[in-house]
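So the structure is just underneath, and the comments pick up after that.
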Amino acid sequence: MSDTSLTLAEQESRRRRRQTRRFLLAPALLIILTISIMPLGITALYSFLTPGTYGGVIWEFTPDAYVQFLFERDIFDGTLQFNDSYLTIYMRSIGLAFGATIGALLIGFPTAYFIATKPREQRNFWLFLITLPFWTNLLIRTYAMLLILRDEGLINLSLMGVGVIDRPLSILYTDTAVFIGLIYTYLPFMVLPLYASLEKLDFRLVEAGYDLYANRFRVLRHIIAPIAKPGIIAGCILVFIPGLGAYITPALLGGGKKLMIGNMIAIQFGSSRNWPFGSAAALILMALVVIALLIYARSVSKGARAHG
Amino acid sequence: MTSEIAKAPEDTTTRRSMITARDLTKTFGQGESAVTALDNVEIEIRENEFFTLLGPSGCGKTTLLRLIAGFELPTSGTIELDGEDITALPPHVRPVNTVFQNYALFPHMTVSENIGFGLKMLGKPSGEIDSRVREMLSLVQLEAMANRRTDQLSGGQQQRVALARALAPAPKVLLLDEPLAALDLKLRKNMQIELKSLQAETGITFIFVTHDQEEALTMSDRIAVMRDGQILQIGTPKEIYDKPTHRFVADFIGDINILEAEVEGTEGDQTRVRLKDGTTMLARSTGADTQGHCAVALRPESIRVAQGGEAPALTGQLENLVYMGSAHNLHLRLGSGEELVVRHGGSTDGIDLSPGAQVGVVIAPGGARVLA
């Protein structure tokens, strides 16, 4: 048998395999195209159109929506003036989402570690408890938080019962309530990836750390945390991004006074009837997230190169 | 359970004690399912000693090591390190380092970072860490690998990094938990020699855990043979091999014939025993129980074929003849039905070694020992 005939046959079979692969990939690609890329395209398109009076859009291209994000057009002379009210909402959202991410990490890490160090047959039970909230609708769970946080709620009643405070703390309809609500809502998204990476952790490395004069804190900092880093990052992304765009939590627990980006966008599509501005706000949010992820990806690849 | 803790034989070099364990007991679990991993262990390990804990898996040797390292706390008893009671100290304040069985190298650190980790945690200045790491790298001949990741190393190299990492902080005692088990035979032989010379070079007390009796005999200054959470015998390799005090020790170390016998009486430091086939012989007493039922231990190399009209001590039917290069192994079936392996080193001229032949053997003076 000659080499060329073998190669030809091989090439033929490879070509066929490529075709088969494309064919098999088609449904997945179609789904990605229709449910992910197309809505994004429509949003991008709408953000450059003119708002219709009763909602919807008029097909006149204008960058007004983006201008409106930072500037206000004077009603009388039409000059642009800097307006930071939307920027403030974005900053507060980022701050809240960031705080909730840190909070979820601080609560989620010990939780995940606790589960990962349990005997194997008990872990599924604990994981089940972590995922249990998903069985109930988020709206209902948020109403439950509302009951817990309100002036006559569980927290205030028990604190007053114990005698720590004599007047109810007004937690509800503040940033604190939104913060607590965000942590509660997204905690499982932190615990699960953390658990996945801690479960793989070789606990003999922890012993080796103790053996080499590291105390508990230093074992955590120098051994467990670096090894669990992929899980920590995945958990932070999974909490930060949906936290940034959260809608129900700030709408209910923030009482509509403390807006986050998600509520602001919803208002644009609803009562404000300004679809182009809502689209632009959504895209700006997405751009911020993408930029943050790119910065992160670059720092990771740099770190990897420095190591290799 | 019987408590047959053998006293450590007198060492010619009376060094000071580095590790002293008293009454050490470790029980895992509670109630019905409790398992005693260590049962009233007494042990004294001296300064600059290569000490081996030898025994089959589950004998408690690793538990003893983990108690010394501080990973486990004893149920009762005390451990002293260089005269200081360390029983309740956490591992990170004990001047003791461990070479783990699977090496447990930190995957997110380079070879140098691994080796320097202990010093860094001790708060040493970075200049001192760097020079010590270089020193360690040259000690284990891995200078070229300093900036490699640990997963880019071969098993033998990982082993060396683990050694260097544990030696870098200059611990008072180095614990080695079957560190050679994962290496192939050739590498293992080399590492045995290297470990021994490393111990001599550094002057650090090594406590080495293994289930490989040959490894223990090759490397150790002294060996403690363990079984079921107890130390059966402590002694130099020669003492353990030549003068086992316990049937299990004799059987575990090297090849040995163990024949059932009855004690007939004592003659000086010898005991007259009657074997099951009726022959009587003199065997060296070991201070163990010398009443009634006993066992006689015979090393194959202390028996040879009787030649030229010598009166045979034992006679058996030849079942198998195995050529070993430097010697022949003769497998004899005694009248009692027991098997006797004889390592005949000399020439076989003039001996009938046809299958089924009756072969008489003589035992070298002091070659037979009485065991309880």
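Simple scheme: letters A, B, ... for chains in structure tokens order, numbers from 1 for residues in each chain, numbers from 1 for ligands in the order shown.
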Residues of stretch 147-269 of chain B in helix (DSSP H, G or I), written as a count of residues only: 53
Among stretch 37-286 of chain A, which ones does DSSP place in strand (DSSP E), written as an mmCIF file with C-alpha atoms, in the first residue's frame?
```cif
data_model
loop_
_atom_site.group_PDB
_atom_site.id
_atom_site.type_symbol
_atom_site.label_atom_id
_atom_site.label_comp_id
_atom_site.auth_asym_id
_atom_site.auth_seq_id
_atom_site.Cartn_x
_atom_site.Cartn_y
_atom_site.Cartn_z
ATOM 1 C CA THR A 50 -36.039 57.464 17.530
ATOM 2 C CA PRO A 51 -38.591 56.691 20.275
ATOM 3 C CA VAL A 57 -39.590 52.989 17.580
ATOM 4 C CA ILE A 58 -39.662 55.273 14.573
ATOM 5 C CA PHE A 71 -26.290 64.825 28.835
ATOM 6 C CA GLU A 72 -29.590 66.579 29.154
ATOM 7 C CA ARG A 73 -30.936 68.730 26.332
ATOM 8 C CA LEU A 80 -26.447 69.933 26.088
ATOM 9 C CA GLN A 81 -25.761 69.922 29.802
ATOM 10 C CA PHE A 82 -23.958 67.204 31.713
#
```
Sorted by chain and rising residue number, which residues of chain B lie within 9 Å of chain A, and what are their closest atom pairs and distances in Å to one decimal, counting only C-alpha atoms, as a Markdown table?
```
| residue | atom | partner | partner_atom | distance |
| --- | --- | --- | --- | --- |
| B:Ala69 | CA | A:Asp211 | CA | 7.2 |
| B:Gly70 | CA | A:Asp211 | CA | 8.2 |
| B:Phe71 | CA | A:Glu207 | CA | 7.2 |
| B:Pro90 | CA | A:Tyr210 | CA | 8.3 |
| B:Pro91 | CA | A:Asp211 | CA | 5.4 |
| B:His92 | CA | A:Tyr213 | CA | 3.9 |
| B:Val93 | CA | A:Tyr213 | CA | 6.0 |
| B:Arg94 | CA | A:Tyr213 | CA | 7.8 |
| B:Pro95 | CA | A:Tyr213 | CA | 8.4 |
| B:Val96 | CA | A:Asp211 | CA | 7.3 |
| B:Asn97 | CA | A:Asp211 | CA | 5.8 |
| B:Thr98 | CA | A:Asp211 | CA | 6.7 |
| B:Val99 | CA | A:Ala208 | CA | 8.6 |
| B:Phe100 | CA | A:Ala208 | CA | 7.9 |
| B:Asn102 | CA | A:Arg204 | CA | 8.7 |
| B:Tyr103 | CA | A:Ala208 | CA | 8.9 |
| B:Ala104 | CA | A:Leu205 | CA | 5.3 |
| B:Leu105 | CA | A:Leu205 | CA | 7.0 |
| B:Phe106 | CA | A:Leu205 | CA | 6.6 |
| B:Pro107 | CA | A:Ile227 | CA | 7.8 |
| B:His108 | CA | A:Ile227 | CA | 6.6 |
| B:Met109 | CA | A:His307 | CA | 8.7 |
| B:Thr110 | CA | A:His307 | CA | 8.1 |
| B:Phe117 | CA | A:Leu212 | CA | 7.0 |
| B:Gly118 | CA | A:Leu212 | CA | 4.4 |
| B:Leu119 | CA | A:Leu212 | CA | 8.0 |
| B:Lys120 | CA | A:Tyr213 | CA | 8.8 |
| B:Met121 | CA | A:Ala214 | CA | 5.5 |
| B:Leu122 | CA | A:Tyr213 | CA | 6.3 |
| B:Asn147 | CA | A:His307 | CA | 8.4 |
| B:Arg148 | CA | A:Gly308 | CA | 7.8 |
| B:Arg149 | CA | A:Gly308 | CA | 7.8 |
| B:Arg165 | CA | A:Leu212 | CA | 8.5 |
| B:Ala166 | CA | A:Leu212 | CA | 7.5 |
| B:Pro169 | CA | A:Leu212 | CA | 8.1 |
```
Go ahead and dump the residues you just picked, N, CA and C atoms, as a JSON list (two decimals), in the first residue's frame.
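This is the output file again37.json:
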```
[["chain", "number", "residue", "atom", "x", "y", "z"],
["B", 69, "ALA", "N", 3.97, 14.21, 63.58],
["B", 69, "ALA", "CA", 3.85, 15.42, 62.76],
["B", 69, "ALA", "C", 2.81, 16.38, 63.33],
["B", 70, "GLY", "N", 1.84, 15.84, 64.06],
["B", 70, "GLY", "CA", 0.80, 16.68, 64.65],
["B", 70, "GLY", "C", -0.50, 16.71, 63.88],
["B", 71, "PHE", "N", -0.60, 15.89, 62.82],
["B", 71, "PHE", "CA", -1.84, 15.87, 62.04],
["B", 71, "PHE", "C", -2.97, 15.19, 62.80],
["B", 90, "PRO", "N", 0.01, 22.20, 67.61],
["B", 90, "PRO", "CA", -0.43, 22.03, 66.23],
["B", 90, "PRO", "C", 0.78, 21.85, 65.30],
["B", 91, "PRO", "N", 0.55, 21.24, 64.12],
["B", 91, "PRO", "CA", 1.69, 20.89, 63.25],
["B", 91, "PRO", "C", 2.55, 22.08, 62.84],
["B", 92, "HIS", "N", 1.93, 23.28, 62.71],
["B", 92, "HIS", "CA", 2.72, 24.37, 62.14],
["B", 92, "HIS", "C", 3.70, 25.00, 63.12],
["B", 93, "VAL", "N", 3.68, 24.56, 64.38],
["B", 93, "VAL", "CA", 4.71, 25.06, 65.29],
["B", 93, "VAL", "C", 5.70, 23.95, 65.70],
["B", 94, "ARG", "N", 5.55, 22.76, 65.14],
["B", 94, "ARG", "CA", 6.50, 21.69, 65.45],
["B", 94, "ARG", "C", 7.67, 21.75, 64.48],
["B", 95, "PRO", "N", 8.90, 21.75, 64.98],
["B", 95, "PRO", "CA", 10.06, 21.77, 64.08],
["B", 95, "PRO", "C", 10.29, 20.39, 63.44],
["B", 96, "VAL", "N", 9.24, 19.92, 62.78],
["B", 96, "VAL", "CA", 9.24, 18.59, 62.19],
["B", 96, "VAL", "C", 8.66, 18.75, 60.79],
["B", 97, "ASN", "N", 9.28, 18.16, 59.80],
["B", 97, "ASN", "CA", 8.72, 18.24, 58.44],
["B", 97, "ASN", "C", 8.50, 16.86, 57.89],
["B", 98, "THR", "N", 7.57, 16.79, 56.94],
["B", 98, "THR", "CA", 7.16, 15.50, 56.40],
["B", 98, "THR", "C", 7.39, 15.43, 54.90],
["B", 99, "VAL", "N", 7.87, 14.27, 54.45],
["B", 99, "VAL", "CA", 7.87, 13.97, 53.02],
["B", 99, "VAL", "C", 6.69, 13.03, 52.82],
["B", 100, "PHE", "N", 5.68, 13.51, 52.07],
["B", 100, "PHE", "CA", 4.45, 12.75, 51.96],
["B", 100, "PHE", "C", 4.58, 11.65, 50.91],
["B", 102, "ASN", "N", 2.59, 10.81, 48.53],
["B", 102, "ASN", "CA", 2.33, 11.25, 47.15],
["B", 102, "ASN", "C", 3.01, 12.58, 46.88],
["B", 103, "TYR", "N", 3.96, 12.94, 47.73],
["B", 103, "TYR", "CA", 4.78, 14.16, 47.66],
["B", 103, "TYR", "C", 4.01, 15.42, 48.05],
["B", 104, "ALA", "N", 2.70, 15.52, 47.68],
["B", 104, "ALA", "CA", 1.88, 16.70, 48.03],
["B", 104, "ALA", "C", 2.58, 18.00, 47.70],
["B", 105, "LEU", "N", 3.16, 18.08, 46.50],
["B", 105, "LEU", "CA", 3.78, 19.35, 46.07],
["B", 105, "LEU", "C", 2.67, 20.33, 45.71],
["B", 106, "PHE", "N", 2.93, 21.62, 45.96],
["B", 106, "PHE", "CA", 1.92, 22.63, 45.66],
["B", 106, "PHE", "C", 1.87, 22.86, 44.16],
["B", 107, "PRO", "N", 0.74, 22.58, 43.52],
["B", 107, "PRO", "CA", 0.70, 22.63, 42.05],
["B", 107, "PRO", "C", 0.77, 24.05, 41.50],
["B", 108, "HIS", "N", 0.45, 25.04, 42.34],
["B", 108, "HIS", "CA", 0.43, 26.42, 41.83],
["B", 108, "HIS", "C", 1.74, 27.14, 42.08],
["B", 109, "MET", "N", 2.76, 26.41, 42.48],
["B", 109, "MET", "CA", 4.06, 27.03, 42.74],
["B", 109, "MET", "C", 5.14, 26.35, 41.93],
["B", 110, "THR", "N", 6.22, 27.10, 41.66],
["B", 110, "THR", "CA", 7.37, 26.51, 40.98],
["B", 110, "THR", "C", 8.13, 25.64, 41.97],
["B", 117, "PHE", "N", 8.83, 27.47, 50.58],
["B", 117, "PHE", "CA", 7.56, 27.77, 51.26],
["B", 117, "PHE", "C", 7.69, 27.75, 52.79],
["B", 118, "GLY", "N", 8.33, 26.72, 53.31],
["B", 118, "GLY", "CA", 8.47, 26.60, 54.76],
["B", 118, "GLY", "C", 9.22, 27.78, 55.35],
["B", 119, "LEU", "N", 10.31, 28.18, 54.68],
["B", 119, "LEU", "CA", 11.11, 29.30, 55.17],
["B", 119, "LEU", "C", 10.32, 30.60, 55.11],
["B", 120, "LYS", "N", 9.53, 30.73, 54.02],
["B", 120, "LYS", "CA", 8.70, 31.93, 53.87],
["B", 120, "LYS", "C", 7.69, 32.01, 55.02],
["B", 121, "MET", "N", 7.10, 30.87, 55.37],
["B", 121, "MET", "CA", 6.12, 30.86, 56.45],
["B", 121, "MET", "C", 6.78, 31.10, 57.81],
["B", 122, "LEU", "N", 8.06, 30.77, 57.89],
["B", 122, "LEU", "CA", 8.79, 31.04, 59.13],
["B", 122, "LEU", "C", 9.21, 32.51, 59.20],
["B", 147, "ASN", "N", 12.74, 26.80, 38.09],
["B", 147, "ASN", "CA", 11.54, 27.57, 37.75],
["B", 147, "ASN", "C", 10.48, 26.75, 37.03],
["B", 148, "ARG", "N", 10.66, 25.44, 37.03],
["B", 148, "ARG", "CA", 9.64, 24.58, 36.43],
["B", 148, "ARG", "C", 8.41, 24.50, 37.33],
["B", 149, "ARG", "N", 7.29, 24.17, 36.71],
["B", 149, "ARG", "CA", 6.12, 23.82, 37.53],
["B", 149, "ARG", "C", 6.28, 22.36, 37.93],
["B", 165, "ARG", "N", 12.02, 20.34, 49.91],
["B", 165, "ARG", "CA", 11.06, 21.21, 50.57],
["B", 165, "ARG", "C", 11.00, 20.92, 52.07],
["B", 166, "ALA", "N", 11.05, 19.62, 52.42],
["B", 166, "ALA", "CA", 10.96, 19.25, 53.82],
["B", 166, "ALA", "C", 12.27, 19.52, 54.56],
["B", 169, "PRO", "N", 13.71, 23.95, 55.77],
["B", 169, "PRO", "CA", 13.65, 24.67, 57.06],
["B", 169, "PRO", "C", 14.54, 24.04, 58.13]]
```
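Within the 7 Å cut-off around A:Ala280, using only C-alpha atoms and omitting residues fewer than 5 positions from it on the same chain, the listed residues are Ser47, Ala65 and Tyr66 of chain A.
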Quick one: residues within 7 Å of B:Ala164, only C-alpha atoms counted, chain neighbours fewer than 6 positions away excluded, as a list in words? Ile115, Met136, Leu137 and Val140 of chain B
Give the answer as one residue: which of A:Pro250, A:Gly245, A:Pro276, A:Pro119 has the shortest atom-to-atom distance to A:Leu288, using only C-alpha atoms?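 Of A:Pro250, A:Gly245, A:Pro276, A:Pro119, the one nearest A:Leu288, counting only C-alpha atoms, is A:Gly245.
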Exercise: A:Leu285 partners within 12 Å, only C-alpha atoms, chain neighbours under 3 positions left out, as a list in words: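 Once the nearby chain positions are removed, what remains is Phe69, Tyr86, Leu87, Ile89, Tyr90, Met91, Ser93, Ile94, Ile241, Pro242, Gly243, Leu244, Gly245, Ala246, Met260, Ile261, Gly262, Met264, Ile265, Gly278, Ser279, Ala280, Ala281, Ala282, Leu288, Val289, Val290, Ile291 and Ala292 of chain A.
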Could you write out that same residue set with C-alpha atoms as a short mmCIF file (atom, residue, chain, number, x, y, z; two decimals), in the first residue's frame?
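What ended up in selection19.cif:
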```
data_model
loop_
_atom_site.label_atom_id
_atom_site.label_comp_id
_atom_site.auth_asym_id
_atom_site.auth_seq_id
_atom_site.Cartn_x
_atom_site.Cartn_y
_atom_site.Cartn_z
CA PHE A 69 -27.14 58.83 28.88
CA TYR A 86 -27.98 57.80 35.02
CA LEU A 87 -24.29 57.51 35.78
CA ILE A 89 -27.57 54.67 39.01
CA TYR A 90 -24.83 52.74 37.22
CA MET A 91 -22.28 53.51 39.92
CA SER A 93 -25.52 49.28 40.81
CA ILE A 94 -21.87 48.44 40.35
CA ILE A 241 -23.07 39.98 36.39
CA PRO A 242 -26.65 38.96 37.21
CA GLY A 243 -26.39 41.09 40.37
CA LEU A 244 -25.57 44.11 38.25
CA GLY A 245 -28.67 43.61 36.13
CA ALA A 246 -30.92 42.50 38.98
CA MET A 260 -30.60 49.73 39.90
CA ILE A 261 -29.75 49.44 36.22
CA GLY A 262 -32.28 46.70 35.64
CA MET A 264 -34.04 51.84 35.08
CA ILE A 265 -34.03 49.89 31.82
CA GLY A 278 -33.59 51.48 27.22
CA SER A 279 -31.70 49.59 24.51
CA ALA A 280 -28.74 51.95 24.78
CA ALA A 281 -28.67 51.59 28.58
CA ALA A 282 -28.73 47.80 28.23
CA LEU A 288 -19.12 47.49 30.94
CA VAL A 289 -19.36 43.79 31.76
CA VAL A 290 -17.45 42.78 28.62
CA ILE A 291 -14.71 45.31 29.32
CA ALA A 292 -14.39 44.05 32.89
#
```
Selection: 12 Å around B:Ser131, only C-alpha atoms, excl. self and same-chain fewer than 3 positions, as a ChimeraX atom specification: /B:112,115-116,119,124-128,134-138,168
